[in-house]
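Here is query.cif, consisting of mmCIF, C-alpha atoms:
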```cif
data_coords
#
loop_
_atom_site.label_atom_id
_atom_site.label_comp_id
_atom_site.auth_asym_id
_atom_site.auth_seq_id
_atom_site.Cartn_x
_atom_site.Cartn_y
_atom_site.Cartn_z
CA MET H 89 5.58 5.76 -1.83
CA SER H 90 4.59 4.60 -5.32
CA VAL H 91 6.81 2.88 -7.87
CA SER H 92 6.90 6.03 -9.99
CA SER H 93 7.61 8.33 -7.04
CA GLU H 94 10.58 6.22 -6.03
CA LEU H 95 11.87 5.96 -9.59
CA HIS H 96 11.63 9.73 -9.90
CA LEU H 97 13.53 10.12 -6.64
CA TRP H 98 16.37 8.01 -8.06
CA ILE H 99 16.56 9.99 -11.26
CA HIS H 100 15.95 13.57 -10.16
CA GLY H 101 16.75 13.58 -6.49
CA ARG H 102 13.36 15.01 -5.51
CA PRO H 103 9.75 13.86 -5.74
CA ARG H 104 7.90 14.48 -8.94
CA SER H 105 5.11 16.93 -9.17
CA PRO H 106 2.09 14.68 -8.57
CA HIS H 107 0.03 14.27 -11.84
CA ILE H 108 -0.07 -11.21 18.78
CA GLY H 109 -2.80 -10.59 20.22
CA LEU H 110 -5.98 -8.67 19.76
CA GLU H 111 -5.84 -5.05 20.90
CA ARG H 112 -8.41 -2.29 20.87
CA TRP H 113 -7.21 1.27 20.53
CA PRO H 114 -9.90 3.83 21.37
CA ASN H 115 -9.02 7.14 19.77
CA PRO H 116 -9.23 10.31 21.87
CA HIS H 117 -12.29 12.51 21.44
CA CYS H 118 -11.15 15.26 23.77
CA SER H 119 -9.47 18.41 22.51
CA VAL H 120 -5.73 18.05 22.10
CA ARG H 121 -2.81 20.30 21.42
CA ARG H 122 -1.92 20.62 17.79
CA GLY H 123 1.37 20.83 15.90
CA MET H 124 4.75 19.26 16.27
CA THR H 125 4.85 19.53 20.07
CA ARG H 126 2.23 16.80 20.26
CA VAL H 127 3.96 14.74 17.58
CA SER H 128 7.34 14.97 19.32
CA ALA H 129 5.88 14.06 22.69
CA ARG H 130 4.17 10.96 21.28
CA MET H 131 7.28 9.88 19.40
CA ALA H 132 9.52 10.35 22.43
CA GLU H 133 7.15 8.37 24.64
CA GLU H 134 6.74 5.50 22.17
CA ILE H 135 10.44 5.27 21.28
CA SER H 136 11.38 5.23 24.96
CA ARG H 137 8.85 2.47 25.56
CA ALA H 138 10.01 0.47 22.54
CA SER H 139 13.64 0.69 23.65
CA THR H 140 12.94 -1.05 26.97
CA ALA H 141 9.92 -3.28 26.31
CA ALA H 142 10.11 -6.84 25.06
CA ALA H 143 9.15 -6.65 21.42
CA VAL H 144 7.28 -9.23 19.41
CA GLU H 145 9.36 -9.41 16.23
CA HIS H 146 8.83 -11.87 13.38
CA SER H 147 12.44 -12.88 12.89
CA SER H 148 13.76 -16.21 11.64
CA SER H 149 16.38 -16.03 14.43
CA PRO H 150 14.90 -15.60 17.92
CA ALA H 151 18.34 -15.20 19.48
CA LYS H 152 19.24 -12.38 17.11
CA SER H 153 15.85 -10.80 17.75
CA SER H 154 16.49 -10.84 21.51
CA VAL H 155 19.84 -9.14 21.08
CA ARG H 156 18.26 -6.44 18.91
CA ARG H 157 15.57 -5.78 21.51
CA LEU H 158 18.21 -5.23 24.20
CA TRP H 159 20.21 -2.87 22.02
CA PRO H 160 18.90 0.70 22.45
CA SER H 161 17.33 1.97 19.23
CA VAL H 162 19.25 5.24 19.47
CA LEU H 163 22.50 3.26 19.08
CA ARG H 164 21.37 1.27 16.03
CA TRP H 165 22.52 2.29 12.57
CA ILE H 166 18.95 1.79 11.38
CA PRO H 167 16.79 3.02 14.29
CA THR H 168 13.68 0.93 13.66
CA SER H 169 12.00 -2.36 14.57
CA THR H 170 8.62 -4.07 14.34
CA ASP H 171 7.74 -2.37 17.64
CA HIS H 172 8.53 1.01 16.11
CA ILE H 173 6.28 0.26 13.11
CA ILE H 174 3.28 -0.69 15.26
CA SER H 175 3.87 2.26 17.60
CA SER H 176 4.12 4.74 14.73
CA GLU H 177 0.98 3.21 13.22
CA ARG H 178 -0.82 3.69 16.52
CA ARG H 179 0.25 7.35 16.69
CA LEU H 180 -0.85 8.00 13.10
CA LEU H 181 -4.21 6.32 13.61
CA SER H 182 -4.82 8.40 16.73
CA LEU H 183 -5.90 11.05 14.21
CA VAL H 184 -8.84 8.79 13.33
CA LYS H 185 -11.92 9.17 15.55
CA THR H 186 -13.44 5.77 14.77
CA LYS H 187 -12.42 3.03 17.19
CA TYR H 188 -10.56 0.08 15.74
CA VAL H 189 -9.06 -3.30 16.58
CA GLN H 190 -5.47 -4.09 15.60
CA GLU H 191 -4.44 -7.73 15.29
CA GLN H 192 -1.77 -9.97 13.84
CA VAL H 193 -3.59 -12.61 11.78
CA ASN H 194 -1.76 -15.94 11.59
CA ILE H 195 -1.50 -17.19 7.98
CA GLY H 196 0.71 -20.19 8.73
CA SER H 197 4.14 -20.92 7.33
CA GLY H 198 3.20 -21.36 3.68
CA PRO H 199 0.42 -22.18 1.21
CA PRO H 200 -1.38 -25.49 2.00
CA GLY H 201 0.14 -28.39 0.10
CA SER H 202 3.22 -26.40 -0.84
CA THR H 203 6.72 -27.73 -0.17
CA VAL H 204 8.01 -24.18 0.28
CA ARG H 205 7.51 -21.81 3.23
CA TRP H 206 6.36 -18.47 1.90
CA PHE H 207 8.51 -19.27 -1.02
CA ARG H 208 11.82 -20.94 -0.47
CA SER H 209 12.17 -19.84 3.15
CA SER H 210 13.66 -22.62 5.27
CA SER H 211 11.66 -21.57 8.31
CA ASP H 212 8.48 -23.30 9.47
CA GLN H 213 7.67 -20.30 11.63
CA PRO H 214 4.10 -18.98 11.17
CA ARG H 215 3.68 -15.61 9.49
CA PHE H 216 1.27 -12.83 10.34
CA ILE H 217 -0.67 -10.14 8.48
CA ASN H 218 -1.05 -6.86 10.37
CA THR H 219 -4.75 -6.00 10.25
CA VAL H 220 -6.92 -3.13 11.51
CA THR H 221 -10.71 -3.40 11.62
CA PHE H 222 -12.84 -0.33 12.31
CA ASP H 223 -16.11 -0.18 14.19
CA SER H 224 -19.14 -0.04 11.92
CA SER H 225 -22.89 -0.24 11.90
CA GLU H 226 -24.47 -3.66 11.91
CA ASN H 227 -24.91 -5.22 8.45
CA SER H 228 -22.55 -2.73 6.81
CA PRO H 229 -20.87 -4.14 3.68
CA THR H 230 -17.22 -5.13 4.19
CA LEU H 231 -14.57 -3.11 2.38
CA VAL H 232 -11.03 -4.56 2.43
CA MET H 233 -8.29 -2.02 1.62
CA VAL H 234 -4.89 -2.98 0.20
CA HIS H 235 -2.00 -0.51 0.02
CA GLY H 236 0.50 0.04 -2.79
CA TYR H 237 4.24 -0.47 -3.23
CA GLY H 238 6.36 1.19 -0.54
CA ALA H 239 3.25 2.00 1.48
CA SER H 240 1.22 0.41 4.28
CA GLN H 241 -2.38 0.51 5.46
CA GLY H 242 -1.78 3.69 7.48
CA PHE H 243 -1.64 5.68 4.24
CA PHE H 244 -5.45 5.56 4.29
CA PHE H 245 -5.58 7.45 7.61
CA ARG H 246 -7.49 10.34 6.03
CA ASN H 247 -10.21 7.99 4.77
CA PHE H 248 -11.03 5.62 7.60
CA ASP H 249 -13.55 7.86 9.41
CA ALA H 250 -15.60 8.71 6.33
CA LEU H 251 -15.58 5.18 4.90
CA ALA H 252 -16.32 3.55 8.25
CA SER H 253 -19.56 5.54 8.36
CA ARG H 254 -20.88 3.34 5.54
CA PHE H 255 -18.68 0.22 5.52
CA ARG H 256 -17.06 -2.31 7.79
CA ILE H 257 -13.48 -1.28 6.99
CA ILE H 258 -10.62 -3.78 7.18
CA ALA H 259 -7.16 -2.61 6.11
CA ILE H 260 -4.08 -4.81 5.91
CA ASP H 261 -0.34 -4.63 5.47
CA GLN H 262 0.58 -7.08 2.72
CA LEU H 263 3.02 -9.87 3.56
CA GLY H 264 6.51 -8.36 3.72
CA TRP H 265 5.26 -4.80 4.32
CA GLY H 266 4.43 -2.53 7.22
CA GLY H 267 3.78 -4.34 10.50
CA SER H 268 3.23 -7.73 8.85
CA SER H 269 5.82 -10.52 8.93
CA ARG H 270 8.81 -9.99 6.69
CA PRO H 271 10.03 -13.42 5.51
CA ASP H 272 13.18 -13.66 3.42
CA PHE H 273 12.08 -12.87 -0.13
CA THR H 274 13.58 -15.49 -2.42
CA CYS H 275 11.02 -15.71 -5.23
CA LYS H 276 12.66 -16.39 -8.57
CA SER H 277 9.97 -15.53 -11.11
CA THR H 278 6.96 -13.34 -11.82
CA GLU H 279 4.65 -16.31 -11.18
CA GLU H 280 6.14 -17.05 -7.77
CA THR H 281 6.11 -13.39 -6.82
CA GLU H 282 2.44 -12.99 -7.72
CA ALA H 283 1.65 -16.14 -5.73
CA TRP H 284 3.51 -14.72 -2.69
CA PHE H 285 0.97 -11.88 -2.46
CA ILE H 286 -2.15 -13.64 -3.79
CA ASP H 287 -1.76 -16.81 -1.71
CA SER H 288 -0.87 -14.94 1.50
CA PHE H 289 -3.96 -12.76 1.02
CA GLU H 290 -6.11 -15.86 0.49
CA GLU H 291 -4.75 -17.46 3.68
CA TRP H 292 -5.54 -14.21 5.50
CA ARG H 293 -9.08 -14.27 4.10
CA LYS H 294 -9.56 -17.83 5.32
CA ALA H 295 -8.25 -16.94 8.78
CA LYS H 296 -10.67 -14.00 8.95
CA ASN H 297 -13.51 -16.13 7.52
CA LEU H 298 -14.41 -13.45 4.99
CA SER H 299 -16.48 -13.73 1.87
CA ASN H 300 -18.68 -11.47 -0.24
CA PHE H 301 -16.55 -8.40 0.36
CA ILE H 302 -15.61 -5.34 -1.67
CA LEU H 303 -11.89 -5.29 -2.45
CA LEU H 304 -10.04 -1.99 -2.92
CA GLY H 305 -6.41 -1.82 -4.00
CA HIS H 306 -4.17 1.16 -4.68
CA SER H 307 -1.34 1.19 -7.24
CA PHE H 308 0.60 -2.10 -6.81
CA GLY H 309 -2.11 -3.10 -4.34
CA GLY H 310 -4.56 -2.66 -7.23
CA TYR H 311 -2.47 -5.06 -9.30
CA VAL H 312 -2.54 -7.64 -6.50
CA ALA H 313 -6.28 -7.10 -5.89
CA ALA H 314 -7.06 -7.59 -9.58
CA LYS H 315 -4.93 -10.74 -9.82
CA TYR H 316 -6.60 -12.07 -6.67
CA ALA H 317 -10.10 -11.35 -8.01
CA ILE H 318 -9.26 -13.17 -11.24
CA LYS H 319 -8.12 -16.25 -9.28
CA HIS H 320 -10.77 -16.12 -6.52
CA PRO H 321 -13.78 -14.26 -7.97
CA GLU H 322 -16.22 -16.16 -5.75
CA HIS H 323 -15.20 -14.12 -2.69
CA VAL H 324 -15.27 -10.60 -4.18
CA ASN H 325 -18.54 -8.74 -4.78
CA HIS H 326 -16.95 -5.66 -6.32
CA LEU H 327 -13.43 -4.54 -7.22
CA ILE H 328 -12.21 -0.95 -6.79
CA LEU H 329 -8.83 -0.19 -8.36
CA VAL H 330 -7.34 3.18 -7.40
CA GLY H 331 -4.62 4.29 -9.81
CA PRO H 332 -3.74 0.63 -10.43
CA ALA H 333 -0.29 -0.31 -11.65
CA GLY H 334 0.48 -3.01 -14.15
CA PHE H 335 -2.01 -2.65 -16.97
CA THR H 336 0.37 -2.36 -19.88
CA SER H 337 3.75 -3.76 -20.80
CA GLU H 338 6.65 -1.78 -22.22
CA THR H 339 5.92 -3.26 -25.67
CA GLU H 340 2.33 -2.03 -25.58
CA HIS H 341 3.29 1.39 -24.26
CA ARG H 342 6.19 2.06 -26.64
CA SER H 343 7.54 4.92 -24.53
CA GLU H 344 9.76 7.15 -26.64
CA TRP H 345 10.95 9.01 -23.54
CA LEU H 346 12.00 5.78 -21.82
CA THR H 347 13.85 4.52 -24.88
CA LYS H 348 15.84 7.75 -25.10
CA PHE H 349 16.50 7.84 -21.38
CA ARG H 350 17.76 4.27 -21.34
CA ALA H 351 20.37 5.20 -23.94
CA THR H 352 21.91 7.81 -21.60
CA TRP H 353 24.57 6.94 -19.03
CA LYS H 354 22.16 7.77 -16.24
CA GLY H 355 19.50 5.55 -17.77
CA MET H 356 21.92 2.64 -18.12
CA ILE H 357 22.90 2.94 -14.46
CA ILE H 358 19.30 3.14 -13.27
CA ASN H 359 18.29 0.20 -15.46
CA HIS H 360 21.19 -1.85 -14.07
CA LEU H 361 20.17 -1.01 -10.51
CA TRP H 362 16.57 -1.99 -11.30
CA GLU H 363 17.53 -5.37 -12.74
CA SER H 364 19.84 -5.90 -9.74
CA ASN H 365 16.79 -5.41 -7.50
CA PHE H 366 18.26 -2.32 -5.88
CA THR H 367 15.30 -0.63 -4.19
CA PRO H 368 14.95 2.96 -2.92
CA GLN H 369 14.44 1.52 0.57
CA LYS H 370 18.07 0.37 0.49
CA VAL H 371 19.12 4.01 0.17
CA ILE H 372 17.09 4.89 3.27
CA ARG H 373 18.66 2.03 5.22
CA GLY H 374 22.12 2.94 3.97
CA LEU H 375 21.74 6.45 5.33
CA GLY H 376 21.20 5.02 8.80
CA PRO H 377 20.26 7.77 11.29
CA TRP H 378 20.03 10.27 8.41
CA GLY H 379 17.30 8.22 6.72
CA PRO H 380 14.41 9.89 8.58
CA ASP H 381 15.44 13.28 7.19
CA LEU H 382 15.25 12.00 3.60
CA VAL H 383 11.77 10.62 4.25
CA ARG H 384 10.72 13.91 5.88
CA ARG H 385 11.82 15.81 2.76
CA TYR H 386 9.86 13.42 0.55
CA THR H 387 6.61 13.60 2.52
CA SER H 388 6.91 17.38 2.99
CA ALA H 389 7.33 17.88 -0.75
CA ARG H 390 4.93 15.23 -2.07
CA PHE H 391 2.07 16.07 0.27
CA GLY H 392 3.01 19.71 0.75
CA SER H 393 4.50 21.98 -1.92
CA TYR H 394 3.89 19.44 -4.72
CA SER H 395 0.41 18.44 -3.60
CA ASN H 396 -2.46 18.73 -6.08
CA GLY H 397 -5.12 18.98 -3.41
CA SER H 398 -5.35 19.63 0.31
CA THR H 399 -1.96 19.66 1.99
CA LEU H 400 -1.22 17.80 5.20
CA THR H 401 -1.35 19.66 8.47
CA GLU H 402 1.90 19.95 10.40
CA GLU H 403 0.73 17.22 12.77
CA GLU H 404 -0.35 14.90 9.95
CA ALA H 405 2.96 15.42 8.13
CA GLY H 406 4.99 14.66 11.25
CA LEU H 407 3.11 11.50 12.12
CA LEU H 408 3.04 10.24 8.52
CA THR H 409 6.79 10.88 8.11
CA ASP H 410 7.57 8.89 11.25
CA TYR H 411 5.32 6.04 10.09
CA VAL H 412 6.69 5.98 6.54
CA TYR H 413 10.29 5.91 7.74
CA HIS H 414 9.79 2.90 9.99
CA THR H 415 7.85 0.93 7.37
CA LEU H 416 10.50 1.61 4.71
CA ALA H 417 13.63 1.12 6.83
CA ALA H 418 12.63 -2.26 8.30
CA LYS H 419 13.92 -5.55 6.92
CA ALA H 420 13.69 -5.89 3.14
CA SER H 421 11.02 -8.39 2.14
CA GLY H 422 7.98 -7.57 0.01
CA GLU H 423 9.79 -4.64 -1.62
CA LEU H 424 12.02 -7.09 -3.50
CA CYS H 425 9.09 -8.02 -5.72
CA LEU H 426 9.80 -4.96 -7.85
CA LYS H 427 11.95 -6.39 -10.66
CA TYR H 428 9.81 -9.54 -10.98
CA ILE H 429 6.52 -7.68 -11.35
CA PHE H 430 7.71 -4.65 -13.35
CA SER H 431 10.36 -3.94 -15.91
CA PHE H 432 12.23 -0.63 -15.70
CA GLY H 433 9.75 2.21 -16.07
CA ALA H 434 7.07 0.38 -14.02
CA PHE H 435 5.74 -1.63 -16.99
CA ALA H 436 4.17 -4.95 -16.01
CA ARG H 437 5.83 -8.19 -16.98
CA SER H 438 2.41 -9.88 -16.80
CA PRO H 439 0.09 -6.98 -17.67
CA LEU H 440 -3.51 -6.93 -16.49
CA LEU H 441 -4.60 -5.82 -19.94
CA GLN H 442 -3.89 -9.32 -21.23
CA SER H 443 -6.25 -10.77 -18.59
CA ALA H 444 -9.16 -8.38 -19.20
CA SER H 445 -11.29 -11.03 -20.89
CA GLU H 446 -10.93 -13.25 -17.79
CA TRP H 447 -12.44 -10.62 -15.48
CA LYS H 448 -15.41 -12.01 -13.51
CA VAL H 449 -15.96 -9.26 -10.92
CA PRO H 450 -17.66 -5.89 -11.60
CA THR H 451 -15.00 -3.20 -11.38
CA THR H 452 -14.64 0.51 -10.73
CA PHE H 453 -11.43 2.36 -11.56
CA ILE H 454 -10.65 5.59 -9.69
CA TYR H 455 -7.95 7.99 -10.87
CA GLY H 456 -6.88 11.43 -9.73
CA TYR H 457 -6.86 13.98 -12.55
CA GLU H 458 -3.08 14.28 -12.16
CA ASP H 459 -2.35 10.60 -11.60
CA TRP H 460 0.75 9.50 -13.49
CA MET H 461 -1.05 6.18 -14.05
CA ASN H 462 -2.86 6.64 -17.33
CA TYR H 463 -6.57 5.85 -17.17
CA GLN H 464 -6.44 4.93 -20.86
CA GLY H 465 -5.08 1.53 -19.83
CA ALA H 466 -8.38 0.92 -17.99
CA GLN H 467 -10.30 2.09 -21.05
CA LEU H 468 -8.48 -0.46 -23.19
CA ALA H 469 -9.17 -3.21 -20.67
CA ARG H 470 -12.85 -2.30 -20.48
CA ARG H 471 -13.27 -3.16 -24.15
CA ASP H 472 -12.48 -6.82 -23.42
CA MET H 473 -14.26 -7.11 -20.09
CA LYS H 474 -17.48 -9.08 -19.91
CA VAL H 475 -18.52 -7.55 -16.57
CA PRO H 476 -19.76 -4.03 -15.65
CA CYS H 477 -16.92 -1.55 -15.53
CA GLU H 478 -16.76 2.19 -14.88
CA ILE H 479 -13.90 4.66 -14.73
CA ILE H 480 -14.13 7.68 -12.39
CA ARG H 481 -11.74 10.62 -12.33
CA VAL H 482 -11.36 12.78 -9.22
CA PRO H 483 -10.20 16.44 -9.45
CA GLN H 484 -7.39 17.91 -7.35
CA GLY H 485 -5.73 14.57 -6.90
CA GLY H 486 -2.66 12.74 -8.09
CA HIS H 487 -1.55 9.15 -7.58
CA PHE H 488 -2.40 9.42 -3.87
CA VAL H 489 -5.85 10.81 -4.61
CA PHE H 490 -7.18 9.51 -1.28
CA ILE H 491 -4.72 11.82 0.51
CA ASP H 492 -4.83 14.72 -1.96
CA ASN H 493 -8.62 14.98 -2.16
CA PRO H 494 -10.22 12.77 0.50
CA SER H 495 -13.78 14.05 0.05
CA GLY H 496 -13.68 13.53 -3.73
CA PHE H 497 -12.24 10.06 -3.24
CA HIS H 498 -14.94 9.15 -0.72
CA SER H 499 -17.64 10.30 -3.13
CA ALA H 500 -16.14 8.09 -5.83
CA VAL H 501 -16.06 5.05 -3.53
CA PHE H 502 -19.63 5.60 -2.33
CA HIS H 503 -20.77 5.92 -5.93
CA ALA H 504 -18.90 2.78 -6.94
CA CYS H 505 -20.62 0.85 -4.14
CA ARG H 506 -24.07 2.44 -4.47
CA LYS H 507 -25.64 -0.95 -5.15
CA PHE H 508 -24.47 -2.23 -1.76
CA LEU H 509 -25.21 0.96 0.17
CA SER H 510 -28.71 1.66 -1.12
CA SER H 511 -31.63 0.08 0.73
CA ASP H 512 -33.54 -0.41 -2.51
CA ASN H 513 -30.49 -1.77 -4.37
CA VAL H 514 -30.47 1.16 -6.81
CA ASP H 515 -27.73 0.88 -9.40
CA HIS H 516 -28.59 3.90 -11.53
CA GLN H 517 -27.49 7.11 -9.86
CA SER H 518 -25.85 10.13 -11.45
CA LEU H 519 -22.18 10.73 -10.81
CA PRO H 520 -21.60 13.05 -7.81
CA GLU H 521 -20.78 16.67 -8.63
CA GLY H 522 -17.12 17.28 -9.39
CA LEU H 523 -16.37 13.74 -10.53
CA THR H 524 -16.11 12.83 -14.19
CA SER H 525 -16.53 9.60 -16.09
CA ALA H 526 -13.93 8.37 -18.58
#
```

Let me see whether you can do it: turn the structure in this file into structure tokens.
Amino acid sequence: MSVSSELHLWIHGRPRSPHIGLERWPNPHCSVRRGMTRVSARMAEEISRASTAAAVEHSSSPAKSSVRRLWPSVLRWIPTSTDHIISSERRLLSLVKTKYVQEQVNIGSGPPGSTVRWFRSSSDQPRFINTVTFDSSENSPTLVMVHGYGASQGFFFRNFDALASRFRIIAIDQLGWGGSSRPDFTCKSTEETEAWFIDSFEEWRKAKNLSNFILLGHSFGGYVAAKYAIKHPEHVNHLILVGPAGFTSETEHRSEWLTKFRATWKGMIINHLWESNFTPQKVIRGLGPWGPDLVRRYTSARFGSYSNGSTLTEEEAGLLTDYVYHTLAAKASGELCLKYIFSFGAFARSPLLQSASEWKVPTTFIYGYEDWMNYQGAQLARRDMKVPCEIIRVPQGGHFVFIDNPSGFHSAVFHACRKFLSSDNVDHQSLPEGLTSA
């Protein structure tokens, strides 16, 4: 769920029209029954298993964690857990034919040399980044994928097969999101909050011994990826930013609509909630056992009746809804970055536009035609960049262009990485049919 989608849900009550071990999970290749019968059967099986099995939960209180594991999920006000997240991820990724490895990568208890433990946490407990790595051909370039705000790596489920045919795909849940550890979030500034995500990603990179990779980030994940590439350009060969958030500040944007809305009673309430760090996820948790229905309505509308491109199948919608609910309803952690990174209206407090001249990594921007993120911010940044930069627009796609129009998105990614995919290192190829340059 993007920042804008959630903001729109607060204001209008419905989604906007879209402008620790190592485990291998082989995906089934045999024919299977379609529809919600299959979804329900998988969910029932996994939930039953999660209710009785000993879970591996990253909690600061092991005793409390043990009590929660013994308490049946059906009797909890918020029926979720780390086990539920990983299980729902596994069910969603069963739609992917390419085999993958899922692992929890240990990133330690805090940045080396720091006196804080993932920022002001009193715990010395190690933290983990949930990571999936897909099978690939030998010598394939590595593509690391980073999700956006309110999302997790499973949102790329429609893309893994196609991209894994050309890349070594590694997708992560950022610290505080999805199936990764969820430390108490006690950052007190924009600088600390950025460091929370950038430094945890760098510790993950070290643990995975990665270098010379292509880094792709969507929305808020694009913001984090760009900030990381500015700080650690030596590790990134190419940067792909998909509908990135955080390019302009409110001052630069001068939104007349936002100014007028803020003056209304509804705008004052929403602005107060924003500055109080009240997140949409808190609404889902507050609804307890009714939370899954709210998420189902969102996913059905956003990727169904309000979709710009191909709609989800009934099976895809059911599995994605289950996955999204569990990732959103779990303990609040990374989501609390919102007010420190963005002001009300999703304007960056430390906009990327101001760092454009510091860019050291060649970059490709990808936007859906109906993306609410304005590609003009990228055009402005390109003027100050001293590295190659291109902007690609994909038809029949909104902010989640990789879900709305997977084939168009894949074409854009392949084109962006043509230099790494071509045997003769060709960098001058025409834009694939259907895509446009901005």

ask   = Between H:Ile257, H:Leu251, H:Leu303, H:Ala444, which one has atoms that come closest to H:Arg471, using all atoms listed in the file?
value =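 Among the listed residues, the smallest separation from H:Arg471 belongs to H:Ala444.
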
query = What gap, in Å, lies between atom CA of H:Leu263 and atom CA of H:Leu181?
reply =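 The value is 20.4 Å.
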
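With all atoms listed in the file as the atoms that count, the minimum distance from H:Asn462 to the choices H:Val330, H:Leu375, H:Ala283, H:Ile166 is reached by H:Val330.
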
The PyMOL selection byres ((chain H and resi 314) around 9) - which residues does that actually catch in the file I just gave you? List them as a PDB file with C-alpha atoms, keeping the file's coordinate frame.
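expr_23.pdb, written as the output of this step:
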```pdb
ATOM      1  CA  LEU H 303     -11.890  -5.290  -2.450  1.00  0.00           C
ATOM      2  CA  GLY H 305      -6.410  -1.820  -4.000  1.00  0.00           C
ATOM      3  CA  GLY H 309      -2.110  -3.100  -4.340  1.00  0.00           C
ATOM      4  CA  GLY H 310      -4.560  -2.660  -7.230  1.00  0.00           C
ATOM      5  CA  TYR H 311      -2.470  -5.060  -9.300  1.00  0.00           C
ATOM      6  CA  VAL H 312      -2.540  -7.640  -6.500  1.00  0.00           C
ATOM      7  CA  ALA H 313      -6.280  -7.100  -5.890  1.00  0.00           C
ATOM      8  CA  LYS H 315      -4.930 -10.740  -9.820  1.00  0.00           C
ATOM      9  CA  TYR H 316      -6.600 -12.070  -6.670  1.00  0.00           C
ATOM     10  CA  ALA H 317     -10.100 -11.350  -8.010  1.00  0.00           C
ATOM     11  CA  ILE H 318      -9.260 -13.170 -11.240  1.00  0.00           C
ATOM     12  CA  LYS H 319      -8.120 -16.250  -9.280  1.00  0.00           C
ATOM     13  CA  LEU H 327     -13.430  -4.540  -7.220  1.00  0.00           C
ATOM     14  CA  ILE H 328     -12.210  -0.950  -6.790  1.00  0.00           C
ATOM     15  CA  LEU H 329      -8.830  -0.190  -8.360  1.00  0.00           C
ATOM     16  CA  PRO H 332      -3.740   0.630 -10.430  1.00  0.00           C
ATOM     17  CA  LEU H 440      -3.510  -6.930 -16.490  1.00  0.00           C
ATOM     18  CA  TRP H 447     -12.440 -10.620 -15.480  1.00  0.00           C
TER      19      TRP H 447
END
```

query = With all atoms listed in the file as the atoms that count, which of H:Cys505, H:Ile358, H:Leu424, H:Val489 lies nearest to H:Pro229?
reply =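 Once distances to H:Pro229 are computed over all atoms listed in the file, the minimum belongs to H:Cys505.
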
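The set of residues that the PyMOL selection byres ((chain H and resi 214-226) around 6) takes from this file is H:Lys187, H:Tyr188, H:Val189, H:Gln190, H:Glu191, H:Gln192, H:Val193, H:Asn194, H:Ile195, H:Gly196, H:Ser197, H:Gln213, H:Asn227, H:Ser228, H:Ala252, H:Arg256, H:Ile257, H:Ile258, H:Ala259, H:Ile260, H:Asp261, H:Gly267, H:Ser268, H:Ser269.
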
message = Residues near H:Gln262, anyone? I mean within 8 Å using all atoms listed in the file, not counting same-chain ones fewer than 3 positions away, as a list in words.
response =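 Close residues of H:Gln262: Ile217, Asn218, Val234, His235, Ser240, Trp265, Gly266, Ser268, Phe285, Phe289 and Gly422 of chain H.
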
key: Nearest-residue call for H:Phe497, choices H:Trp292, H:Trp362, H:Phe248, H:Tyr411, using only C-alpha atoms   = H:Phe248

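The environment of H:Leu408 within 10 Å, counting all atoms listed in the file and disregarding residues fewer than 3 places along the same chain, consists of Ser176, Glu177, Arg179, Leu180, Leu181, Gly242, Phe243, Phe245, Val383, Arg384, Thr387, Ser388, Leu400, Glu402, Glu403, Glu404, Ala405, Tyr411, Val412 and Tyr413 of chain H.
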
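Shell of H:Pro494 at 9 Å, with only C-alpha atoms counted and residues fewer than 4 places along the chain excluded, is Arg246, Asn247, Ala250, Gly397, Ser398, Gly485, Val489, Phe490, His498 and Ser499 of chain H.
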
Tell me which protein, DNA and RNA residues are within 12 Å of H:Cys477, counting only C-alpha atoms, leaving out same-chain ones fewer than 4 positions away, and put them as a JSON list (two decimals) with C-alpha atoms, in the coordinates of the input.
```
[["chain", "number", "residue", "atom", "x", "y", "z"],
["H", 326, "HIS", "CA", -16.95, -5.66, -6.32],
["H", 327, "LEU", "CA", -13.43, -4.54, -7.22],
["H", 328, "ILE", "CA", -12.21, -0.95, -6.79],
["H", 329, "LEU", "CA", -8.83, -0.19, -8.36],
["H", 444, "ALA", "CA", -9.16, -8.38, -19.20],
["H", 447, "TRP", "CA", -12.44, -10.62, -15.48],
["H", 448, "LYS", "CA", -15.41, -12.01, -13.51],
["H", 449, "VAL", "CA", -15.96, -9.26, -10.92],
["H", 450, "PRO", "CA", -17.66, -5.89, -11.60],
["H", 451, "THR", "CA", -15.00, -3.20, -11.38],
["H", 452, "THR", "CA", -14.64, 0.51, -10.73],
["H", 453, "PHE", "CA", -11.43, 2.36, -11.56],
["H", 454, "ILE", "CA", -10.65, 5.59, -9.69],
["H", 466, "ALA", "CA", -8.38, 0.92, -17.99],
["H", 467, "GLN", "CA", -10.30, 2.09, -21.05],
["H", 468, "LEU", "CA", -8.48, -0.46, -23.19],
["H", 469, "ALA", "CA", -9.17, -3.21, -20.67],
["H", 470, "ARG", "CA", -12.85, -2.30, -20.48],
["H", 471, "ARG", "CA", -13.27, -3.16, -24.15],
["H", 472, "ASP", "CA", -12.48, -6.82, -23.42],
["H", 473, "MET", "CA", -14.26, -7.11, -20.09],
["H", 504, "ALA", "CA", -18.90, 2.78, -6.94],
["H", 525, "SER", "CA", -16.53, 9.60, -16.09],
["H", 526, "ALA", "CA", -13.93, 8.37, -18.58]]
```

ask   = How many Å lie between atom CA of H:Pro199 and atom CA of H:Phe435, rounded to one decimal?
value =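 Separation between atom CA of H:Pro199 and atom CA of H:Phe435: 28.0 Å.
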
Given the file shown, determine the residues that the PyMOL selection byres ((chain H and resi 483) around 8) selects; report them as a short mmCIF file (atom, residue, chain, number, x, y, z; two decimals) with C-alpha atoms, in the frame of the given file.
```
data_model
loop_
_atom_site.label_atom_id
_atom_site.label_comp_id
_atom_site.auth_asym_id
_atom_site.auth_seq_id
_atom_site.Cartn_x
_atom_site.Cartn_y
_atom_site.Cartn_z
CA GLY H 456 -6.88 11.43 -9.73
CA TYR H 457 -6.86 13.98 -12.55
CA GLU H 458 -3.08 14.28 -12.16
CA ARG H 481 -11.74 10.62 -12.33
CA VAL H 482 -11.36 12.78 -9.22
CA GLN H 484 -7.39 17.91 -7.35
CA GLY H 485 -5.73 14.57 -6.90
CA ASN H 493 -8.62 14.98 -2.16
CA GLY H 496 -13.68 13.53 -3.73
CA GLY H 522 -17.12 17.28 -9.39
CA LEU H 523 -16.37 13.74 -10.53
#
```
